[in-house]
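What follows is query24.cif (mmCIF, C-alpha atoms).
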```cif
data_structure
loop_
_atom_site.label_atom_id
_atom_site.label_comp_id
_atom_site.auth_asym_id
_atom_site.auth_seq_id
_atom_site.Cartn_x
_atom_site.Cartn_y
_atom_site.Cartn_z
CA MET A 35 54.16 131.54 85.57
CA PRO A 36 53.53 132.46 89.21
CA THR A 37 56.12 134.68 90.89
CA ALA A 38 57.44 134.47 94.47
CA SER A 39 58.61 137.90 95.56
CA SER A 40 58.48 137.48 99.33
CA VAL A 41 59.47 134.97 102.02
CA THR A 42 57.54 134.12 105.17
CA ARG A 43 57.97 131.91 108.22
CA HIS A 44 54.23 131.98 108.97
CA PHE A 45 52.19 129.65 106.79
CA HIS A 46 50.08 126.51 106.91
CA ASN A 47 49.49 123.77 104.35
CA PRO A 48 52.06 124.62 101.67
CA ALA A 49 51.05 124.02 98.04
CA GLY A 50 54.40 122.34 97.50
CA ARG A 51 57.96 121.95 98.72
CA ILE A 52 61.30 122.62 97.10
CA THR A 53 64.38 120.76 98.33
CA LEU A 54 67.67 122.61 97.82
CA ASP A 55 71.22 122.40 99.16
CA GLU A 56 72.73 125.46 100.84
CA THR A 57 74.31 126.78 97.64
CA ALA A 58 71.04 126.53 95.68
CA ARG A 59 69.21 128.25 98.56
CA HIS A 60 71.23 131.47 98.14
CA ARG A 61 69.15 133.19 95.49
CA ARG A 62 67.51 136.37 94.27
CA ARG A 63 66.02 135.72 90.83
CA VAL A 64 65.73 132.29 89.20
CA ALA A 65 63.13 130.02 87.62
CA MET A 66 62.38 127.10 89.94
CA THR A 67 60.18 124.00 90.06
CA SER A 68 58.87 122.56 93.31
CA ASP A 69 59.41 118.90 94.14
CA ALA A 70 56.98 116.68 92.30
CA ALA A 71 54.59 114.49 94.28
CA PRO A 72 54.23 110.92 92.96
CA GLY A 73 52.19 111.04 89.76
CA GLU A 74 52.13 114.85 89.69
CA ALA A 75 54.25 117.60 88.19
CA GLY A 76 56.00 120.17 90.34
CA ILE A 77 54.91 123.81 90.41
CA ASP A 78 56.94 126.03 88.07
CA PHE A 79 57.50 129.53 89.45
CA LEU A 80 59.85 132.49 89.24
CA LEU A 81 61.70 133.48 92.40
CA ASP A 82 62.10 137.26 92.20
CA LEU A 83 63.28 138.68 95.51
CA PRO A 84 64.34 142.32 96.05
CA GLN A 85 67.83 141.17 97.02
CA ALA A 86 69.83 137.94 97.21
CA ARG A 87 69.38 136.02 100.44
CA LEU A 88 69.92 132.60 101.92
CA LEU A 89 66.61 130.79 102.00
CA ARG A 90 66.36 128.86 105.27
CA HIS A 91 64.86 125.47 105.98
CA GLY A 92 61.21 126.11 106.80
CA ASP A 93 60.92 129.39 104.88
CA GLY A 94 57.85 129.80 102.71
CA LEU A 95 58.06 131.34 99.24
CA VAL A 96 54.85 133.32 98.76
CA LEU A 97 53.52 133.08 95.21
CA ASP A 98 51.54 136.00 93.77
CA ASP A 99 48.44 133.78 93.64
CA GLY A 100 48.61 133.24 97.45
CA ARG A 101 50.05 129.73 97.46
CA VAL A 102 53.22 129.04 99.45
CA ILE A 103 56.13 126.76 98.52
CA GLU A 104 58.02 125.46 101.56
CA VAL A 105 61.83 125.45 101.42
CA VAL A 106 63.43 122.20 102.59
CA ALA A 107 67.19 122.04 103.23
CA ALA A 108 68.66 119.01 101.45
CA PRO A 109 71.17 116.85 103.34
CA GLU A 110 74.78 117.56 102.33
CA ASP A 111 78.14 115.95 103.01
CA LEU A 112 79.57 117.98 105.88
CA LEU A 113 82.16 117.87 108.63
CA GLU A 114 80.94 117.76 112.23
CA VAL A 115 83.45 119.43 114.54
CA ARG A 116 83.41 118.82 118.29
CA GLY A 117 85.70 120.13 121.01
CA ARG A 118 86.81 118.71 124.34
CA ASP A 119 84.62 121.26 126.14
CA ALA A 120 82.80 124.54 125.47
CA ARG A 121 86.01 126.62 125.64
CA HIS A 122 87.79 124.34 123.14
CA LEU A 123 84.78 124.44 120.77
CA LEU A 124 84.85 128.24 120.97
CA ALA A 125 88.55 128.27 120.02
CA LEU A 126 87.79 125.93 117.10
CA ALA A 127 84.96 128.24 115.99
CA TRP A 128 87.43 131.13 116.01
CA GLN A 129 89.82 129.17 113.77
CA ILE A 130 86.98 128.37 111.35
CA GLY A 131 85.76 131.98 111.35
CA ASN A 132 89.29 133.29 110.86
CA ARG A 133 89.28 131.37 107.56
CA HIS A 134 85.90 132.87 106.60
CA LEU A 135 84.31 129.42 106.22
CA PRO A 136 80.53 129.15 106.29
CA ALA A 137 79.63 127.39 109.54
CA GLN A 138 76.51 126.24 111.32
CA ILE A 139 77.09 126.84 115.02
CA LEU A 140 75.23 124.51 117.34
CA GLU A 141 75.42 124.22 121.12
CA ASP A 142 77.77 121.23 121.13
CA ARG A 143 79.24 121.13 117.61
CA ILE A 144 79.95 123.05 114.43
CA LEU A 145 79.02 121.94 110.93
CA ILE A 146 81.15 123.03 107.96
CA ARG A 147 81.48 121.98 104.34
CA LEU A 148 83.49 118.84 103.69
CA ASP A 149 87.14 119.88 103.32
CA HIS A 150 89.90 117.40 104.11
CA VAL A 151 92.58 120.08 104.53
CA ILE A 152 90.48 121.93 107.13
CA ALA A 153 89.61 118.59 108.79
CA GLU A 154 93.32 117.83 109.27
CA MET A 155 93.97 121.34 110.63
CA LEU A 156 91.13 120.96 113.15
CA LYS A 157 92.28 117.49 114.20
CA GLY A 158 95.75 118.98 114.74
CA LEU A 159 94.10 121.44 117.12
CA GLY A 160 92.56 118.55 119.09
CA ALA A 161 89.09 118.58 117.53
CA SER A 162 87.00 115.50 116.99
CA VAL A 163 86.02 115.63 113.30
CA SER A 164 83.64 113.28 111.50
CA GLU A 165 81.87 113.24 108.15
CA VAL A 166 78.08 113.53 108.36
CA SER A 167 75.16 114.02 106.01
CA SER A 168 72.87 116.77 107.24
CA PRO A 169 71.04 119.89 106.06
CA PHE A 170 73.44 122.87 106.17
CA ASP A 171 72.16 126.15 107.56
CA PRO A 172 75.22 128.35 108.16
CA GLU A 173 75.20 131.51 110.21
CA GLY A 174 74.29 134.73 108.42
CA GLY A 175 76.99 137.26 107.64
CA ALA A 176 77.50 140.40 109.63
CA TYR A 177 77.10 142.67 106.61
CA GLY A 178 73.74 142.90 104.94
CA ASP A 179 72.33 139.40 105.48
CA PRO A 180 68.59 140.10 105.61
CA HIS A 181 68.02 136.85 107.48
CA HIS A 182 70.66 137.61 110.11
CA GLY A 183 69.22 137.28 113.57
CA HIS A 184 66.19 135.27 112.52
CA HIS A 185 64.36 133.29 115.14
CA HIS A 186 61.25 131.27 115.73
CA ASP A 187 58.82 133.16 117.87
CA GLY A 188 56.60 130.35 119.05
CA HIS A 189 54.32 130.21 116.03
CA SER A 190 52.71 126.91 115.24
CA HIS A 191 52.06 125.24 111.93
CA ASP A 192 50.66 122.03 110.55
CA HIS A 193 53.77 120.71 108.84
CA ASP A 194 56.95 119.13 110.09
CA HIS A 195 60.34 120.71 109.78
CA VAL A 196 63.63 120.39 111.55
CA GLN A 197 64.84 123.35 113.52
CA GLY A 198 68.47 122.33 113.65
CA HIS A 199 70.03 125.73 113.55
CA ALA A 200 71.37 127.94 116.26
CA HIS A 201 69.47 130.98 117.41
CA GLY A 202 72.28 133.04 118.96
CA HIS A 203 73.62 134.61 115.78
CA THR A 204 76.85 136.42 116.43
CA ASN A 205 79.90 137.18 114.38
CA GLY A 206 83.14 138.61 115.66
CA HIS A 207 84.10 140.41 112.43
CA VAL A 208 84.53 144.13 112.89
#
```

Hey, can you dump this file as structure tokens for me?
Amino acid sequence: MPTASSVTRHFHNPAGRITLDETARHRRRVAMTSDAAPGEAGIDFLLDLPQARLLRHGDGLVLDDGRVIEVVAAPEDLLEVRGRDARHLLALAWQIGNRHLPAQILEDRILIRLDHVIAEMLKGLGASVSEVSSPFDPEGGAYGDPHHGHHHDGHSHDHDHVQGHAHGHTNGHV
């Protein structure tokens, strides 16, 4: 069975894709099978990374035979949080962070896991909250997240992928 022991953002023409939700993308060592194309079987492989990490949408898992399996973030049921203005959205982000909730911070909104109690709290603070289905790519943690501070540096590739995550990774935890 091929083994993937490294991750890259620089690849072309992946041998396959694997679609995973955010929870299933946080891995170190696990047997996996890529998505199967119609009429074909998926590629079985062992993910064996040096440390646990959150695999991001668009990452490539490099197999020991040189092939690459592209990671695709599966849509999930999430809450989309919007504020009245940038200052209000910042205050809402602080409330979410104060509760240590994974959050995807975008320029005009925040995505969090579906939680009706948190939704009511945010509405009580004046937020506009709606349920959405979207890939979830939360910010990396301040302590030891090897993908913290990742960015796209203008490379090009021959496959499509959404770049719906923020690039200004910050975290106010001290």

If you apply the PyMOL selection byres ((chain A and resi 122-136) around 8) to this file, what residues do you get, as an NGL selection string? :A and (116-121 or 137-138 or 142-144 or 146-147 or 156 or 159 or 161 or 172-173)

Within 6 Å of Phe79 (chain A) using all atoms listed in the file, minus same-chain residues under 6 positions, as a PDB file with C-alpha atoms, keeping the file's coordinate frame:
```pdb
ATOM      1  CA  MET A  35      54.160 131.540  85.570  1.00  0.00           C
ATOM      2  CA  PRO A  36      53.530 132.460  89.210  1.00  0.00           C
ATOM      3  CA  THR A  37      56.120 134.680  90.890  1.00  0.00           C
ATOM      4  CA  ALA A  65      63.130 130.020  87.620  1.00  0.00           C
ATOM      5  CA  MET A  66      62.380 127.100  89.940  1.00  0.00           C
TER       6      MET A  66
END
```

So which residues are close to (60.4, 124.2, 93.2), meaning at most 8 Å away in the file's coordinates with all atoms listed in the file counted, and can you show them as a list of chain:residue names? A:Gly50, A:Arg51, A:Ile52, A:Thr53, A:Met66, A:Thr67, A:Ser68, A:Asp69, A:Gly76, A:Ile77, A:Asp78, A:Phe79, A:Ile103

Please save C-alpha atoms of the selected residues as an mmCIF file, in the frame of the given file.
```cif
data_model
loop_
_atom_site.group_PDB
_atom_site.id
_atom_site.type_symbol
_atom_site.label_atom_id
_atom_site.label_comp_id
_atom_site.auth_asym_id
_atom_site.auth_seq_id
_atom_site.Cartn_x
_atom_site.Cartn_y
_atom_site.Cartn_z
ATOM 1 C CA GLY A 50 54.400 122.340 97.500
ATOM 2 C CA ARG A 51 57.960 121.950 98.720
ATOM 3 C CA ILE A 52 61.300 122.620 97.100
ATOM 4 C CA THR A 53 64.380 120.760 98.330
ATOM 5 C CA MET A 66 62.380 127.100 89.940
ATOM 6 C CA THR A 67 60.180 124.000 90.060
ATOM 7 C CA SER A 68 58.870 122.560 93.310
ATOM 8 C CA ASP A 69 59.410 118.900 94.140
ATOM 9 C CA GLY A 76 56.000 120.170 90.340
ATOM 10 C CA ILE A 77 54.910 123.810 90.410
ATOM 11 C CA ASP A 78 56.940 126.030 88.070
ATOM 12 C CA PHE A 79 57.500 129.530 89.450
ATOM 13 C CA ILE A 103 56.130 126.760 98.520
#
```

Restricting the calculation to only C-alpha atoms, which member of A:Gly158, A:Gly174, A:Pro169, A:Pro48 is positioned closest to Leu113 (chain A)?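 Selected residue with least distance to Leu113 (chain A): A:Pro169.
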
Between A:Ala75, A:Ala86, A:Leu95, A:Arg43, smallest distance to Arg62 (chain A) by all atoms listed in the file belongs to A:Ala86

What does the distance from CA of Met155 (chain A) to CA of Glu114 (chain A) come to in Å, to one decimal?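 That distance, rounded to one decimal, is 13.6 Å.
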
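Across the model, the gap from CA of Arg90 (chain A) to CA of Val106 (chain A) is 7.8 Å.
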
When you look at Arg61 (chain A) with a cut-off of 12 Å (counting all atoms listed in the file), what residues show up, excluding the ones that are within fewer than 3 positions of it in the same chain? I need them as a list in words. Ala38, Ser39, Val41, Leu54, Asp55, Glu56, Thr57, Ala58, Val64, Ala65, Met66, Leu80, Leu81, Asp82, Leu83, Pro84, Gln85, Ala86, Arg87, Leu88, Leu89, Arg90 and Leu95 of chain A

Can you spit out the residues from that selection as a PDB file, in the frame of the given file, using C-alpha atoms?
```
ATOM      1  CA  ALA A  38      57.440 134.470  94.470  1.00  0.00           C
ATOM      2  CA  SER A  39      58.610 137.900  95.560  1.00  0.00           C
ATOM      3  CA  VAL A  41      59.470 134.970 102.020  1.00  0.00           C
ATOM      4  CA  LEU A  54      67.670 122.610  97.820  1.00  0.00           C
ATOM      5  CA  ASP A  55      71.220 122.400  99.160  1.00  0.00           C
ATOM      6  CA  GLU A  56      72.730 125.460 100.840  1.00  0.00           C
ATOM      7  CA  THR A  57      74.310 126.780  97.640  1.00  0.00           C
ATOM      8  CA  ALA A  58      71.040 126.530  95.680  1.00  0.00           C
ATOM      9  CA  VAL A  64      65.730 132.290  89.200  1.00  0.00           C
ATOM     10  CA  ALA A  65      63.130 130.020  87.620  1.00  0.00           C
ATOM     11  CA  MET A  66      62.380 127.100  89.940  1.00  0.00           C
ATOM     12  CA  LEU A  80      59.850 132.490  89.240  1.00  0.00           C
ATOM     13  CA  LEU A  81      61.700 133.480  92.400  1.00  0.00           C
ATOM     14  CA  ASP A  82      62.100 137.260  92.200  1.00  0.00           C
ATOM     15  CA  LEU A  83      63.280 138.680  95.510  1.00  0.00           C
ATOM     16  CA  PRO A  84      64.340 142.320  96.050  1.00  0.00           C
ATOM     17  CA  GLN A  85      67.830 141.170  97.020  1.00  0.00           C
ATOM     18  CA  ALA A  86      69.830 137.940  97.210  1.00  0.00           C
ATOM     19  CA  ARG A  87      69.380 136.020 100.440  1.00  0.00           C
ATOM     20  CA  LEU A  88      69.920 132.600 101.920  1.00  0.00           C
ATOM     21  CA  LEU A  89      66.610 130.790 102.000  1.00  0.00           C
ATOM     22  CA  ARG A  90      66.360 128.860 105.270  1.00  0.00           C
ATOM     23  CA  LEU A  95      58.060 131.340  99.240  1.00  0.00           C
TER      24      LEU A  95
END
```

Would you compute the distance between CA of Phe45 (chain A) and CA of Glu141 (chain A)? Give it in Å to one decimal.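 According to the coordinates, CA of Phe45 (chain A) and CA of Glu141 (chain A) are separated by 27.8 Å.
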
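Distance annotation: of A:Ala49, A:Val151, A:Val96, A:Ala108, the residue with the minimal separation from Ala70 (chain A) is A:Ala49; atom set is only C-alpha atoms.
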
Nearest-residue call for Asn47 (chain A), choices A:Leu148, A:Leu140, A:Ala71, A:Val102, using only C-alpha atoms: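 Selected residue with least distance to Asn47 (chain A): A:Val102.
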
Protein and nucleic acid residues near (78.9, 114.0, 103.9) (cut-off 6 Å, all atoms listed in the file) as an NGL selection string: :A and (110-112 or 165-167)
